[in-house]
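These notes are about the structure you will find just below.
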Amino acid sequence: MKNKKLKISVFIIFLAIWQISSMIVNSEVIIPSINATIKQIVVVISEDDFYLTILNSLLRSITGFLTAVMLGVFSGVLSFCNKFLKEIFIFITKICASIPTVAIILLMLIWLRPNFVSMLIGCIMVFPMIYQSVFCSMYDYDKKIIKMLDVYNIDFKKRIKKIYMPKIFIDLKKIIPTSFSINFKMVIAGEVISQPKYAIGSKLYLEKIYINTAGVFSWIVIILFLSFLIDKILNYILSVKKY
């Protein structure tokens, strides 16, 4: 209860700072007021393509994230099984983590259609996190249990299915909400540059073109709400699902 009151207090303070800053600057172009932002949110939500825009961005994010999870689990298991493959995937993850996001987006725009660019950007940014989690889950497993498995001559397939996979899923549960949030933000960032049809990022860029700061703020509020909602849904699903 105290924690909820503290969060509400912080939220109220943030709104107060926002409103005071807007009043001091006295320019809706630089810092729009809360009232102007709320009015713009109503305008944005009432647009014919609003729900289609949200749905398409979420589908890109979900597709990219699920792809990253599948590739991360697969490559993590392969790396554990083979040292040569391990070095290859470590090299790939370092490249993914080191190259600037904008550079990757520009390359993707040359090679692919705009609709696929943002989805792949989200996938590429999340893949190293998933891979690292899977590989560490297997590599850091209790050595005493491994020795026991050797004593009873348990074959590798059974070890993967009965021993390693449950551990992998337990560790993945800890990072899935955070990694999906990062994926969602990167997909929107990719949309801003690639400009696919029916995309949150495209709408953000359009508001910027028209110098409609209240419109930009309204989409930021919508993105924050979606991120909060997704985080709650994921945490609920992961808390219910048993492995």
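Chain labels A, B, ... are given in the sequence in which chains occur in the structure tokens; within each chain residues are numbered consecutively from 1, and ligands are likewise numbered from 1 in the order shown.
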Using only C-alpha atoms, find each residue in range 66-119 of chain A having at least one atom no more than 9 Å away from range 166-188 of chain A; report its shortest atom-to-atom pair and that distance in Å (one decimal), rows by chain then rising number, as JSON lines.
{"residue": "A:Val73", "atom": "CA", "partner": "A:Ile168", "partner_atom": "CA", "distance": 8.3}
{"residue": "A:Thr101", "atom": "CA", "partner": "A:Met186", "partner_atom": "CA", "distance": 8.6}
{"residue": "A:Val117", "atom": "CA", "partner": "A:Val187", "partner_atom": "CA", "distance": 8.4}
{"residue": "A:Ser118", "atom": "CA", "partner": "A:Val187", "partner_atom": "CA", "distance": 4.7}
{"residue": "A:Met119", "atom": "CA", "partner": "A:Val187", "partner_atom": "CA", "distance": 5.9}
Could you pull the residues within 7 Å of Ile211 in chain A, counting only C-alpha atoms, minus those fewer than 3 positions along the same chain, as a list in words?
Val29, Glu207 and Lys208 of chain A
Resulting file, chosen residues, C-alpha atoms, as a PDB file, in the first residue's frame:
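And here's selection.pdb as it stands now:
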ATOM      1  CA  VAL A  29       5.663  24.242 -29.544  1.00  0.00           C
ATOM      2  CA  GLU A 207       3.674  15.061 -35.984  1.00  0.00           C
ATOM      3  CA  LYS A 208       7.301  16.240 -35.966  1.00  0.00           C
TER       4      LYS A 208
END
In terms of only C-alpha atoms, the residue from A:Val77, A:Leu238, A:Ile105, A:Val10 at minimal distance from Tyr164 in chain A is A:Val77
Counting only C-alpha atoms, what is within 12 Å of Leu85 in chain A, bar same-chain residues fewer than 6 positions away, as number ranges by chain?
A: 74-79, 91-92, 135
Write the residues of the preceding selection, restricted to N, CA and C atoms, as a PDB file, in the first residue's frame.
ATOM      1  N   PHE A  74      17.920 -21.354 -29.827  1.00  0.00           N
ATOM      2  CA  PHE A  74      18.570 -22.297 -30.736  1.00  0.00           C
ATOM      3  C   PHE A  74      20.089 -22.099 -30.757  1.00  0.00           C
ATOM      4  N   SER A  75      20.513 -20.862 -30.921  1.00  0.00           N
ATOM      5  CA  SER A  75      21.948 -20.574 -31.000  1.00  0.00           C
ATOM      6  C   SER A  75      22.633 -20.770 -29.657  1.00  0.00           C
ATOM      7  N   GLY A  76      21.919 -20.495 -28.558  1.00  0.00           N
ATOM      8  CA  GLY A  76      22.489 -20.708 -27.228  1.00  0.00           C
ATOM      9  C   GLY A  76      22.769 -22.181 -26.957  1.00  0.00           C
ATOM     10  N   VAL A  77      21.820 -23.039 -27.355  1.00  0.00           N
ATOM     11  CA  VAL A  77      21.995 -24.490 -27.194  1.00  0.00           C
ATOM     12  C   VAL A  77      23.128 -24.992 -28.080  1.00  0.00           C
ATOM     13  N   LEU A  78      23.172 -24.521 -29.328  1.00  0.00           N
ATOM     14  CA  LEU A  78      24.241 -24.930 -30.252  1.00  0.00           C
ATOM     15  C   LEU A  78      25.613 -24.494 -29.734  1.00  0.00           C
ATOM     16  N   SER A  79      25.686 -23.301 -29.167  1.00  0.00           N
ATOM     17  CA  SER A  79      26.954 -22.796 -28.629  1.00  0.00           C
ATOM     18  C   SER A  79      27.443 -23.644 -27.470  1.00  0.00           C
ATOM     19  N   PHE A  91      30.682 -13.818 -31.786  1.00  0.00           N
ATOM     20  CA  PHE A  91      31.079 -12.785 -32.748  1.00  0.00           C
ATOM     21  C   PHE A  91      29.847 -12.054 -33.288  1.00  0.00           C
ATOM     22  N   ILE A  92      28.790 -12.815 -33.617  1.00  0.00           N
ATOM     23  CA  ILE A  92      27.553 -12.216 -34.147  1.00  0.00           C
ATOM     24  C   ILE A  92      26.899 -11.304 -33.106  1.00  0.00           C
ATOM     25  N   PHE A 135      22.678 -19.287 -23.035  1.00  0.00           N
ATOM     26  CA  PHE A 135      24.010 -19.901 -22.922  1.00  0.00           C
ATOM     27  C   PHE A 135      24.477 -19.953 -21.460  1.00  0.00           C
TER      28      PHE A 135
END
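Counting only C-alpha atoms and comparing A:Phe225, A:Leu206, A:Gly215, A:Ile220, the residue that lies closest to Val42 in chain A is A:Gly215.
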Just how far from CA of Leu224 in chain A is CA of Leu15 in chain A, in Å to one decimal?
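Value for the CA of Leu15 in chain A-CA of Leu224 in chain A distance: 14.3 Å.
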